[in-house]
Structures are given as C-alpha cells and as structure tokens.
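Structure file model11.txt with compact mmCIF, C-alpha atoms:
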```txt
# COMPACT_ATOMS: atom_id res chain seq x y z
CA MET A 11 11.91 67.07 16.52
CA THR A 12 10.41 65.06 13.66
CA SER A 13 11.83 61.55 13.27
CA ARG A 14 13.11 60.29 9.95
CA PRO A 15 10.68 57.87 8.24
CA MET A 16 11.56 54.28 9.13
CA HIS A 17 11.38 51.26 6.84
CA LEU A 18 10.50 47.86 8.28
CA ALA A 19 10.67 44.35 6.84
CA ALA A 20 10.13 40.86 8.26
CA HIS A 21 12.50 37.94 7.78
CA PHE A 22 11.17 34.39 8.00
CA PRO A 23 13.78 32.67 10.21
CA GLY A 24 13.83 29.56 8.06
CA VAL A 25 15.95 26.58 8.95
CA ASN A 26 18.70 26.58 11.53
CA ASN A 27 19.38 24.87 14.80
CA THR A 28 18.39 27.98 16.82
CA THR A 29 14.91 28.31 15.30
CA VAL A 30 12.30 28.16 18.06
CA TRP A 31 8.85 27.10 16.88
CA ALA A 32 5.81 28.39 18.74
CA GLU A 33 4.08 25.60 20.62
CA ASP A 34 0.81 27.52 20.70
CA ALA A 35 1.02 28.92 17.17
CA GLN A 36 -2.27 30.36 15.97
CA THR A 37 -1.93 28.54 12.68
CA SER A 38 -3.29 25.32 11.33
CA PRO A 39 -1.49 22.18 12.56
CA PRO A 40 1.87 21.67 10.82
CA PRO A 41 2.64 18.54 8.84
CA ALA A 42 3.69 15.57 10.91
CA GLY A 43 7.35 14.72 11.19
CA PRO A 44 10.54 16.53 12.17
CA GLY A 45 10.78 20.09 10.89
CA GLY A 46 7.42 19.93 9.11
CA ARG A 47 6.48 23.48 10.05
CA GLN A 48 9.19 24.96 7.87
CA ILE A 49 7.35 23.89 4.71
CA ALA A 50 3.81 24.44 6.04
CA PHE A 51 2.20 27.25 4.05
CA SER A 52 0.41 28.34 7.22
CA SER A 53 3.78 29.27 8.74
CA PHE A 54 4.54 31.64 5.88
CA THR A 55 1.05 33.12 5.66
CA HIS A 56 0.88 33.90 9.37
CA LEU A 57 4.14 35.83 9.43
CA ALA A 58 3.43 37.58 6.12
CA ARG A 59 -0.07 38.66 7.14
CA THR A 60 1.25 39.91 10.45
CA ALA A 61 3.86 41.97 8.61
CA GLU A 62 1.20 43.42 6.31
CA ARG A 63 -1.04 44.19 9.29
CA GLY A 64 1.92 46.13 10.65
CA LEU A 65 2.28 48.02 7.33
CA PHE A 66 5.78 46.61 6.75
CA ASP A 67 7.59 47.29 3.49
CA PHE A 68 8.37 43.68 2.63
CA PHE A 69 8.57 40.02 3.67
CA PHE A 70 11.96 38.41 3.20
CA LEU A 71 12.83 34.76 2.53
CA ALA A 72 16.31 33.25 2.67
CA GLU A 73 17.58 30.42 0.48
CA GLY A 74 19.30 27.08 0.94
CA LEU A 75 20.62 25.24 -2.10
CA ARG A 76 21.93 22.22 -0.24
CA LEU A 77 21.07 20.58 3.05
CA ARG A 78 23.74 21.32 5.61
CA GLU A 79 25.73 18.43 7.04
CA HIS A 80 27.18 17.96 10.46
CA GLN A 81 29.56 15.08 11.17
CA GLY A 82 28.64 13.65 7.77
CA ARG A 83 24.91 13.62 8.53
CA ILE A 84 22.09 15.91 7.43
CA HIS A 85 21.53 18.56 10.08
CA ASP A 86 18.45 17.83 12.22
CA LEU A 87 16.21 20.74 11.20
CA ASP A 88 17.06 20.37 7.53
CA VAL A 89 15.54 16.92 7.19
CA VAL A 90 12.47 17.94 5.15
CA GLY A 91 14.33 20.42 2.98
CA ARG A 92 14.07 24.13 2.34
CA PRO A 93 11.31 25.51 0.08
CA GLU A 94 12.20 27.52 -3.03
CA SER A 95 11.63 31.21 -2.27
CA LEU A 96 9.95 32.42 -5.46
CA THR A 97 7.42 29.59 -5.36
CA VAL A 98 6.41 30.44 -1.78
CA LEU A 99 6.22 34.17 -2.52
CA THR A 100 4.11 33.62 -5.62
CA ALA A 101 1.59 31.80 -3.42
CA LEU A 102 1.78 34.60 -0.82
CA ALA A 103 1.00 37.15 -3.53
CA ALA A 104 -2.55 35.78 -3.53
CA THR A 105 -2.94 36.08 0.27
CA THR A 106 -1.52 39.61 0.70
CA GLU A 107 -2.31 42.93 -0.98
CA ARG A 108 0.43 45.51 -0.34
CA LEU A 109 3.34 43.71 1.32
CA GLY A 110 6.54 43.49 -0.72
CA LEU A 111 7.78 39.95 -1.45
CA ALA A 112 11.56 39.48 -1.40
CA ALA A 113 13.20 36.25 -2.59
CA THR A 114 16.81 35.28 -2.05
CA VAL A 115 18.14 33.79 -5.29
CA ASN A 116 21.76 32.88 -5.99
CA ALA A 117 23.57 34.65 -8.84
CA THR A 118 26.23 31.93 -9.00
CA PHE A 119 23.93 29.02 -9.85
CA ASN A 120 21.24 30.63 -12.04
CA GLU A 121 21.01 32.30 -15.45
CA PRO A 122 19.92 35.91 -16.09
CA TYR A 123 17.12 35.35 -18.61
CA GLU A 124 15.42 32.61 -16.61
CA LEU A 125 15.63 34.45 -13.29
CA ALA A 126 14.62 37.81 -14.83
CA ARG A 127 11.53 36.07 -16.23
CA ARG A 128 10.63 34.45 -12.89
CA LEU A 129 11.05 37.72 -10.97
CA ALA A 130 9.07 39.69 -13.55
CA THR A 131 6.33 37.08 -13.31
CA LEU A 132 6.14 37.57 -9.53
CA ASP A 133 6.07 41.33 -10.07
CA HIS A 134 3.11 40.97 -12.45
CA LEU A 135 1.20 38.54 -10.23
CA SER A 136 1.72 40.71 -7.14
CA ALA A 137 0.98 44.03 -8.92
CA GLY A 138 4.47 45.38 -8.38
CA ARG A 139 5.69 43.93 -5.09
CA ALA A 140 8.63 41.71 -6.11
CA ALA A 141 12.19 41.98 -4.82
CA TRP A 142 15.37 39.98 -5.40
CA ASN A 143 17.99 39.49 -2.71
CA VAL A 144 21.15 38.84 -4.71
CA VAL A 145 23.54 36.37 -3.09
CA THR A 146 26.63 34.59 -4.36
CA SER A 147 28.45 31.37 -3.50
CA PHE A 148 31.94 29.98 -3.93
CA ASP A 149 31.18 26.92 -1.79
CA ALA A 150 32.15 23.71 -3.59
CA PHE A 151 29.93 21.72 -1.22
CA THR A 152 26.86 23.62 -2.45
CA GLY A 153 28.20 23.63 -6.00
CA GLU A 154 28.10 19.84 -6.15
CA ASN A 155 24.35 20.17 -6.75
CA PHE A 156 25.05 22.11 -9.97
CA ARG A 157 26.78 21.46 -13.26
CA ARG A 158 29.43 24.15 -12.77
CA GLY A 159 30.26 23.24 -9.20
CA GLY A 160 31.78 25.62 -6.66
CA PHE A 161 34.59 27.02 -8.72
CA LEU A 162 34.26 30.78 -8.19
CA ASP A 163 36.58 32.64 -5.86
CA ARG A 164 35.44 35.82 -4.07
CA ALA A 165 36.46 38.26 -6.82
CA ASP A 166 34.88 36.21 -9.60
CA ARG A 167 31.60 35.66 -7.80
CA TYR A 168 31.06 39.42 -7.43
CA THR A 169 32.09 39.98 -11.05
CA ARG A 170 29.53 37.41 -12.12
CA ALA A 171 26.88 38.88 -9.81
CA ALA A 172 27.42 42.41 -11.15
CA GLU A 173 27.14 41.19 -14.74
CA PHE A 174 24.13 39.06 -13.79
CA VAL A 175 22.24 42.06 -12.32
CA ALA A 176 23.18 44.31 -15.25
CA THR A 177 21.99 41.68 -17.73
CA ALA A 178 18.70 41.14 -15.87
CA ARG A 179 18.13 44.89 -15.85
CA ALA A 180 18.84 45.08 -19.57
CA LEU A 181 16.17 42.45 -20.13
CA TRP A 182 13.65 44.25 -17.90
CA ASP A 183 14.45 47.58 -19.59
CA ALA A 184 13.86 46.06 -23.01
CA ALA A 185 10.34 44.97 -22.10
CA ALA A 186 7.41 47.04 -23.38
CA PRO A 187 3.86 47.38 -22.01
CA ASP A 188 2.45 45.54 -25.02
CA GLY A 189 5.02 42.77 -24.77
CA ALA A 190 6.76 43.68 -28.05
CA GLY A 191 10.02 44.66 -26.42
CA GLN A 192 13.33 45.72 -27.87
CA PRO A 193 15.98 43.13 -28.79
CA VAL A 194 18.71 42.55 -26.22
CA THR A 195 22.29 41.80 -27.15
CA HIS A 196 24.81 41.16 -24.41
CA THR A 197 28.27 39.65 -24.67
CA GLY A 198 30.26 39.54 -21.45
CA GLN A 199 32.69 37.49 -19.42
CA HIS A 200 29.99 35.23 -17.97
CA PHE A 201 26.90 35.57 -20.19
CA GLY A 202 25.98 35.91 -23.82
CA ILE A 203 22.40 36.81 -24.76
CA GLU A 204 20.79 37.81 -28.05
CA GLY A 205 17.01 37.81 -28.12
CA ARG A 206 13.89 39.44 -26.70
CA PHE A 207 12.43 39.33 -23.20
CA GLY A 208 9.36 37.12 -22.99
CA LEU A 209 7.07 39.31 -20.85
CA PRO A 210 5.52 42.79 -20.94
CA ARG A 211 7.15 45.42 -18.75
CA SER A 212 6.28 44.67 -15.13
CA PRO A 213 4.53 47.12 -12.78
CA GLN A 214 7.74 48.29 -11.08
CA GLY A 215 9.83 48.22 -14.24
CA HIS A 216 12.52 46.44 -12.23
CA PRO A 217 11.89 44.32 -9.14
CA VAL A 218 13.66 45.88 -6.16
CA VAL A 219 17.23 44.58 -5.80
CA ILE A 220 18.51 43.72 -2.31
CA GLN A 221 22.08 42.77 -1.48
CA ALA A 222 23.63 41.35 1.68
CA GLY A 223 27.38 41.70 2.04
CA ASP A 224 29.90 43.36 4.33
CA SER A 225 33.18 42.86 2.47
CA PRO A 226 34.66 45.76 0.47
CA GLU A 227 33.52 43.98 -2.70
CA GLY A 228 30.03 43.55 -1.27
CA ARG A 229 29.77 47.20 -0.25
CA GLU A 230 30.89 48.40 -3.66
CA PHE A 231 28.49 46.03 -5.38
CA ALA A 232 25.62 47.35 -3.25
CA ALA A 233 26.58 50.97 -3.95
CA ALA A 234 26.58 50.27 -7.68
CA ALA A 235 23.62 47.96 -8.09
CA ALA A 236 21.34 47.55 -5.05
CA ASP A 237 18.20 49.33 -3.87
CA VAL A 238 18.42 47.89 -0.35
CA ILE A 239 21.38 46.48 1.56
CA PHE A 240 20.76 43.89 4.30
CA THR A 241 23.49 44.29 6.94
CA ARG A 242 24.36 42.71 10.28
CA HIS A 243 25.77 45.70 12.20
CA GLY A 244 24.16 45.55 15.62
CA THR A 245 25.66 48.49 17.53
CA LEU A 246 24.97 52.15 16.90
CA GLU A 247 28.66 52.92 16.34
CA ALA A 248 29.20 50.06 13.87
CA GLY A 249 25.98 50.94 12.09
CA ARG A 250 26.94 54.58 11.67
CA ALA A 251 30.37 53.65 10.32
CA PHE A 252 28.87 51.22 7.81
CA TYR A 253 26.12 53.67 6.83
CA THR A 254 28.60 56.46 6.15
CA ASP A 255 30.98 54.22 4.22
CA VAL A 256 28.30 52.82 1.89
CA LYS A 257 26.46 56.10 1.35
CA ASP A 258 29.77 57.82 0.51
CA ARG A 259 30.32 55.30 -2.29
CA LEU A 260 27.09 56.19 -4.11
CA PRO A 261 28.11 59.41 -5.94
CA ALA A 262 30.85 57.54 -7.83
CA HIS A 263 28.05 55.47 -9.38
CA GLY A 264 25.86 58.47 -10.18
CA ARG A 265 23.50 57.76 -7.30
CA ARG A 266 22.00 59.78 -4.44
CA PRO A 267 22.01 58.74 -0.75
CA GLU A 268 18.26 58.10 -0.84
CA ASP A 269 18.65 55.66 -3.74
CA LEU A 270 19.95 52.92 -1.41
CA LYS A 271 18.19 51.93 1.82
CA ILE A 272 20.38 50.43 4.54
CA MET A 273 18.43 47.93 6.66
CA PRO A 274 20.27 45.80 9.25
CA GLY A 275 18.80 42.50 10.35
CA VAL A 276 17.79 42.83 14.00
CA THR A 277 16.05 40.92 16.77
CA PHE A 278 13.93 42.24 19.62
CA VAL A 279 12.68 41.14 23.02
CA LEU A 280 9.84 42.89 24.83
CA GLY A 281 8.75 43.02 28.45
CA ASP A 282 6.41 45.09 30.61
CA THR A 283 9.53 46.39 32.38
CA ASP A 284 13.15 46.59 31.29
CA ALA A 285 14.08 43.99 33.90
CA GLU A 286 11.43 41.59 32.60
CA ALA A 287 12.65 42.13 29.04
CA GLN A 288 16.23 41.28 30.09
CA GLU A 289 14.99 38.12 31.81
CA ASN A 290 13.05 37.19 28.69
CA ALA A 291 16.15 37.74 26.56
CA VAL A 292 18.21 35.37 28.71
CA GLU A 293 15.51 32.72 28.55
CA ILE A 294 15.23 33.05 24.76
CA ARG A 295 18.95 32.51 24.30
CA ARG A 296 18.83 29.44 26.56
CA ARG A 297 15.98 28.04 24.45
CA GLN A 298 17.93 28.70 21.26
CA ILE A 299 21.22 27.26 22.56
CA SER A 300 20.35 23.89 24.06
CA PRO A 301 23.21 21.64 25.28
CA GLN A 302 23.15 19.86 21.90
CA ASN A 303 23.17 23.16 19.99
CA ALA A 304 26.08 24.38 22.10
CA LEU A 305 28.09 21.33 20.98
CA TYR A 306 27.06 21.99 17.35
CA ALA A 307 28.37 25.54 17.68
CA LEU A 308 31.65 24.36 19.20
CA GLU A 309 32.12 21.76 16.46
CA GLN A 310 31.59 24.44 13.79
CA ILE A 311 34.54 26.38 15.24
CA TRP A 312 36.80 23.51 16.32
CA GLY A 313 36.04 21.30 13.31
CA ILE A 314 36.31 18.11 15.36
CA ASP A 315 33.96 15.58 16.94
CA LEU A 316 32.92 16.90 20.36
CA SER A 317 30.04 14.48 20.95
CA GLY A 318 31.69 13.35 24.19
CA HIS A 319 32.35 16.90 25.40
CA ASP A 320 30.44 18.18 28.45
CA PRO A 321 28.58 21.36 27.43
CA ASP A 322 28.47 22.38 31.08
CA GLY A 323 32.24 21.99 31.37
CA PRO A 324 35.10 24.18 30.09
CA LEU A 325 35.84 24.84 26.42
CA PRO A 326 37.82 22.18 24.49
CA GLU A 327 41.56 22.19 25.16
CA ALA A 328 42.47 21.19 21.59
CA ASP A 329 43.10 23.78 18.92
CA PRO A 330 40.64 24.10 16.01
CA ASP A 331 41.26 22.11 12.84
CA VAL A 332 41.23 24.93 10.27
CA ASP A 333 41.12 22.52 7.31
CA SER A 334 38.21 20.48 8.64
CA THR A 335 35.19 19.52 6.54
CA PHE A 336 33.39 18.26 9.62
CA VAL A 337 30.61 20.86 9.10
CA GLN A 338 29.42 21.44 5.52
CA GLY A 339 27.14 24.14 4.12
CA ARG A 340 27.54 26.80 6.82
CA VAL A 341 29.17 30.17 6.25
CA LYS A 342 32.40 30.63 8.22
CA HIS A 343 32.73 33.97 9.97
CA GLY A 344 36.44 34.52 10.55
CA ASP A 345 39.50 32.47 11.45
CA PRO A 346 38.49 29.55 13.73
CA ARG A 347 41.70 29.92 15.77
CA GLN A 348 41.02 33.58 16.47
CA ILE A 349 37.41 32.86 17.37
CA ALA A 350 38.50 30.08 19.73
CA GLU A 351 40.98 32.39 21.47
CA LYS A 352 38.32 35.08 21.84
CA TRP A 353 35.90 32.55 23.32
CA ARG A 354 38.55 31.26 25.73
CA ALA A 355 39.25 34.78 26.92
CA LEU A 356 35.53 35.42 27.42
CA SER A 357 35.09 32.14 29.27
CA ALA A 358 38.04 32.85 31.58
CA GLU A 359 36.96 36.43 32.24
CA LYS A 360 33.40 35.55 33.22
CA GLY A 361 33.84 31.98 34.45
CA LEU A 362 31.55 30.53 31.78
CA SER A 363 30.94 26.93 30.79
CA SER A 364 31.06 25.86 27.15
CA ARG A 365 27.31 26.34 26.71
CA GLU A 366 27.32 29.66 28.56
CA THR A 367 30.18 30.85 26.37
CA VAL A 368 28.27 29.99 23.19
CA ILE A 369 25.20 31.79 24.54
CA GLU A 370 27.27 34.85 25.39
CA ALA A 371 29.39 34.90 22.23
CA THR A 372 27.07 33.97 19.39
CA GLY A 373 24.66 36.85 19.54
CA ARG A 374 22.47 39.05 21.60
CA GLN A 375 19.06 40.46 20.87
CA SER A 376 19.46 43.82 19.17
CA PHE A 377 16.69 45.71 20.98
CA VAL A 378 15.58 44.66 24.47
CA GLY A 379 13.17 46.54 26.68
CA THR A 380 9.63 47.78 27.03
CA PRO A 381 7.78 48.55 23.79
CA ALA A 382 8.42 52.26 24.35
CA ALA A 383 12.14 51.70 24.99
CA VAL A 384 12.53 49.49 21.90
CA ALA A 385 10.72 52.05 19.76
CA GLU A 386 13.01 54.77 21.11
CA GLN A 387 16.15 52.75 20.39
CA MET A 388 15.05 52.08 16.82
CA ILE A 389 14.17 55.72 16.20
CA SER A 390 17.60 56.74 17.51
CA PHE A 391 19.35 54.39 15.04
CA VAL A 392 17.46 55.89 12.12
CA ASP A 393 17.72 59.52 13.24
CA ARG A 394 21.48 59.19 13.86
CA ARG A 395 22.11 57.67 10.42
CA ALA A 396 22.98 54.15 11.53
CA ALA A 397 20.15 52.72 9.40
CA ASP A 398 17.23 53.64 7.18
CA GLY A 399 15.14 50.90 8.74
CA PHE A 400 15.31 47.32 9.92
CA ILE A 401 14.67 43.74 8.82
CA LEU A 402 13.17 42.10 11.88
CA VAL A 403 14.05 38.48 12.60
CA PRO A 404 11.59 37.17 15.22
CA HIS A 405 13.04 34.67 17.69
CA LEU A 406 9.81 32.67 17.64
CA THR A 407 8.31 31.22 14.45
CA PRO A 408 5.73 31.96 13.13
CA ASP A 409 4.10 34.07 15.90
CA GLY A 410 7.11 36.05 17.04
CA LEU A 411 6.34 39.20 15.05
CA ASP A 412 2.86 39.66 16.55
CA PRO A 413 3.97 41.40 19.79
CA PHE A 414 6.07 43.89 17.82
CA VAL A 415 3.19 44.77 15.50
CA ASP A 416 0.73 45.00 18.39
CA ARG A 417 2.89 46.92 20.86
CA VAL A 418 5.80 48.69 19.13
CA VAL A 419 4.38 49.77 15.77
CA PRO A 420 1.67 51.98 17.39
CA ILE A 421 4.37 53.84 19.35
CA LEU A 422 6.48 54.34 16.21
CA GLN A 423 3.37 55.73 14.51
CA GLU A 424 2.61 58.06 17.42
CA ARG A 425 6.15 59.40 17.19
CA GLY A 426 5.76 60.05 13.46
CA ALA A 427 8.52 57.55 12.67
CA PHE A 428 6.42 55.05 10.73
CA ARG A 429 3.51 55.11 8.33
CA THR A 430 -0.09 54.83 9.48
CA GLU A 431 -1.25 53.50 6.12
CA TYR A 432 0.19 52.36 2.82
CA THR A 433 0.26 55.33 0.46
CA GLY A 434 1.28 53.38 -2.64
CA THR A 435 0.74 49.97 -4.14
CA THR A 436 4.24 48.84 -5.16
CA LEU A 437 7.31 47.99 -3.11
CA ARG A 438 9.12 50.90 -4.74
CA ASP A 439 6.36 53.15 -3.43
CA HIS A 440 6.86 51.82 0.11
CA LEU A 441 10.63 52.34 -0.06
CA GLY A 442 10.43 55.74 -1.74
CA LEU A 443 12.41 54.51 -4.75
CA PRO A 444 11.79 55.92 -8.24
CA ALA A 445 10.62 53.59 -10.96
CA PRO A 446 13.37 53.01 -13.56
CA ARG A 447 12.73 54.50 -16.97
CA PRO A 448 12.36 52.12 -19.90
CA ARG A 449 15.04 52.44 -22.54
CA THR A 450 14.30 52.80 -26.22
CA GLU A 451 16.95 50.16 -26.83
CA ALA A 452 18.45 48.09 -24.01
CA GLY A 453 21.51 45.98 -23.52
CA ARG A 454 23.36 47.01 -26.67
CA GLY A 455 27.09 46.49 -26.76
```
Can you dump the structure from the file as structure tokens?
Amino acid sequence: MTSRPMHLAAHFPGVNNTTVWAEDAQTSPPPAGPGGRQIAFSSFTHLARTAERGLFDFFFLAEGLRLREHQGRIHDLDVVGRPESLTVLTALAATTERLGLAATVNATFNEPYELARRLATLDHLSAGRAAWNVVTSFDAFTGENFRRGGFLDRADRYTRAAEFVATARALWDAAAPDGAGQPVTHTGQHFGIEGRFGLPRSPQGHPVVIQAGDSPEGREFAAAAADVIFTRHGTLEAGRAFYTDVKDRLPAHGRRPEDLKIMPGVTFVLGDTDAEAQENAVEIRRRQISPQNALYALEQIWGIDLSGHDPDGPLPEADPDVDSTFVQGRVKHGDPRQIAEKWRALSAEKGLSSRETVIEATGRQSFVGTPAAVAEQMISFVDRRAADGFILVPHLTPDGLDPFVDRVVPILQERGAFRTEYTGTTLRDHLGLPAPRPRTEAGRG
C-alpha cells in the first residue's frame, strides 16, 4: 500500500516557561543575559537549516505583541522581548534556498495595505516562499499597546480577519509583473482602500495563508480563506473528526479537499527502544515543568498568588478566581473552575502532587517511540485522514529537530511517505497548491 504524501513544517518554540534550551547547542554562543538565545539569529538559522536539510515545507514563527505578566511582573523568559516574525524571516531568506517562511501576524492590530506589502516583499526576496499565519486578538491587555485597544469580541475579530484577508488578496491580485497594477477600490465594515499596490506581482501571486483556530468561527474562516490550518488535535480520533468537519465545509466555498492542508502541531520523543523513549518523555516533561513552572501553571488556572504553595503537596483547596487578572497575556483554554475540578479528579485518581498533576494534565508528547515507530504513527495519521501533515514543535531549542531529521525522515522516505528532494521552488509547489490567477481588475465593489 502506497502512503499518502506527508507535509512537514518546523515551529520555532519561541518564548514560554516550558522552553528548554540546549546546553550543548551547536550554534554560536548566545547573547549574555536571561533569555538571550531567543533573539540570537544563530538560534533561528540552526532550526531553519535543519528543517531545510530535512526537506520540510516551511519554517513557522509565532508572534507576541506584548510581554506576558505574572503577578504584575514581566514573565521570566520574556525579559528580552520577542522578535518580529517578518524581520527574522527576511533575514532567513538569505540563509535558506527552498524552505517556506511562515510569519504569524495579527489581523486585529495591522492594516491590509501595509501587511500585504511586507508579505509580498518577503515573497520577492525569498523567490516565492512566504506564508502568513493569520491570527486575531480580542485581548484588551495586548490592545493597550495599540491605538484601537482590545475592543473586538470573538465575532467581530473574525469578521475583521476575513475582510483583512480578502482585501490583502485584492491588492495582491491587482499587482502586475511590470509593477503597473490595476487600481483597487474597497469599501467595507473595517477598511476603505482606493489606490494601487506598490509592488510587482510576487512569485507565488499570493503568499500562502495559514490559520490556527478550533472554534466554529475559526473552522469556517479556514474553510473559506486558508491554504493551511494549524490545529492542536493530538489523538487519531479527534484528528479524524476535525479533518472531516473542516474538509466537508470546503465545497460551500467553491473549494476542493486538496485546497486546504490540515497540519496539527505535534511533538515527538525518540529512543532506541520504546521503553527508552517513554523514559525520555517523562524526563522531558519534568525538565519543562520545574517546581516553579508548576506553580505558574496553577496560578494561571486559580488566578491567585500561590507563591507559598508546596508544589510537591496537594492541589490548592481554594476555588479559582474566574475574574482574576493575576496572569496577563496568556490564552485561556476553558473555564478555570472546570479545569480545576478535572485536575482534582486526576490527582485523586492517581495520587499525584500538584507538580505531578500539572505534568500529567498539561500535555503529552504526540509521538513517542523508536524512529520506526514514530514514522509509522505519523504515516497512520495521514493515511487515515486525521492530517495532511504535521508542524513539529521540538522540545529542545534550537537542536531538537536534528534527531527527527537524521532518524525519522529517512524512514518516511523509504516508506514513500515523504519527498526525497524538493521538486519545486515555491512554498505553493511544496504544498501542492495552485498559484492564484491574476485578475484583470481586482477589488472592485
């Protein structure tokens, strides 16, 4: 049986309290000071070059528009800030040749013409390798860094994002190879534009559009507007349900199933035996969730000061403060009271301490085993329509992708599940996506 072709991308872990930095990284020394590696260009180049060596489709950068706060103080690993994605990727365009370059840029706090121009510039400089991960925000804490502030509710932020993407595409469509593009007129709820795009048509026509969202609004937005959707469904059953739901939405938007690639974010842990891989996975989680990080995680749910709490003792007896602003700048995943009850049940069932509960509850590595077993698991997900590929998030930065490229990719290639060479030059080529046709007149009406 021939396996379905698999798409692979690499996510730079960025800044969070569970980032583990390689002590023996094969990169130049990072800048001195706390968190300096996260802005060291060597960190980005190592991971990107490893991904290109592995023939990955693209390299993916997240975004942070405000430093997160915990108990009114800047979170430890955020001290030196978070680099702007498009700037980093523009520099990486000069150090890579085929790897796609995907930037996360917020549609709530930017403007279509300016961002369309920046993305088209990256597409030109990289010879057709640019991608845009569209995200939105209704967070007033983040919005304080911007003139408009965080005023958008969930429905409005997706309405704005949809209009934003449509307007950017109208601008890209209006561009011509010689730079003398068609005029663009757009009058909508959020934007009004009347002018001409300032660049020639870029190599891909449109940069690839990526979207990350699991809500009904997010799924519909992806079905209508995205080329790739970045998901977080870790089990085969959840992945198949999500895959079917999103793919079934495409015909209503005049699209085919192959027009949207579904790529969950996943982690991996390797070992020479399955038992060794499981031991490695446990050790990785313990490194990621230190006693201090366990308290951070508890405070995010409970919304109260737990600095005096014993991480090796039981969970807090108090109920969560659902209106707390104790932690600022982090996405909340669900009702804190429900999460606390679930954690208490888990702790009671398995006799876990606070730290052990956080380790158990806040995530497991997606694929754990020998290189052959991990390759087989990934092939099964793709063949059984739970994914079209994966965005790998290494647990170790920046060297964590190397073992996967060295040990798993060759097995995927032997099984016919992954390319043995790049057959095209653009990111659309890698993903098997058609280039959009230029319009004779774009954005009218």
Could you list, with a cut-off of 12 Å and counting all atoms listed in the file, the residues of region 214-287 of chain A near region 99-117 of chain A, each shown with its nearest atom pair and the distance in Å rounded to one decimal, rows sorted by chain and ascending number, as CSV?
```
residue,atom,partner,partner_atom,distance
A:Gln214,CA,A:Gly110,CA,11.5
A:Pro217,CA,A:Ala112,CA,9.1
A:Val218,CA,A:Ala112,CA,8.2
A:Val219,CA,A:Ala112,CA,8.8
A:Ile220,CA,A:Ala112,CA,8.2
A:Gln221,CA,A:Thr114,CA,9.2
A:Ala222,CA,A:Thr114,CA,9.9
A:Val238,CA,A:Ala112,CA,10.9
A:Phe240,CA,A:Thr114,CA,11.4
```
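Interatomic distance, CA of Val276 (chain A) to CA of Leu77 (chain A): 25.0 Å.
In this model, the gap between CA of Glu204 (chain A) and CA of His263 (chain A) comes to 26.7 Å.
The residue set within 10 Å of Val418 (chain A), counting all atoms listed in the file and dropping same-chain residues fewer than 6 places from it, reads Gly64, Leu280, Thr380, Pro381, Ala382, Ala383, Val384, Ala385, Glu386 and Asp412 of chain A.
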Subject >> Option closest in space to Ala233 (chain A), from A:Arg259, A:Arg139, A:His216, A:Arg211 [counting all atoms listed in the file] >> reply: A:Arg259
Subject >> Test item: residues at most 9 Å from region 348-353 of chain A, all atoms listed in the file, excluding those fewer than 2 positions along its chain, as a count of residues only >> reply: 17
Subject >> CA of Gly399 (chain A) to CA of Ala72 (chain A), straight-line distance in Å >> reply: 18.7 Å
Subject >> Among the residues A:Asp166, A:Glu73, A:Asp149, A:Glu230, the one that comes closest to Asp258 (chain A) [using all atoms listed in the file] >> reply: A:Glu230
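Between Arg297 (chain A) and the candidates A:Leu406, A:Pro420, A:Ala137, A:Ala251, the tightest atom-to-atom separation, counting only C-alpha atoms, involves A:Leu406.
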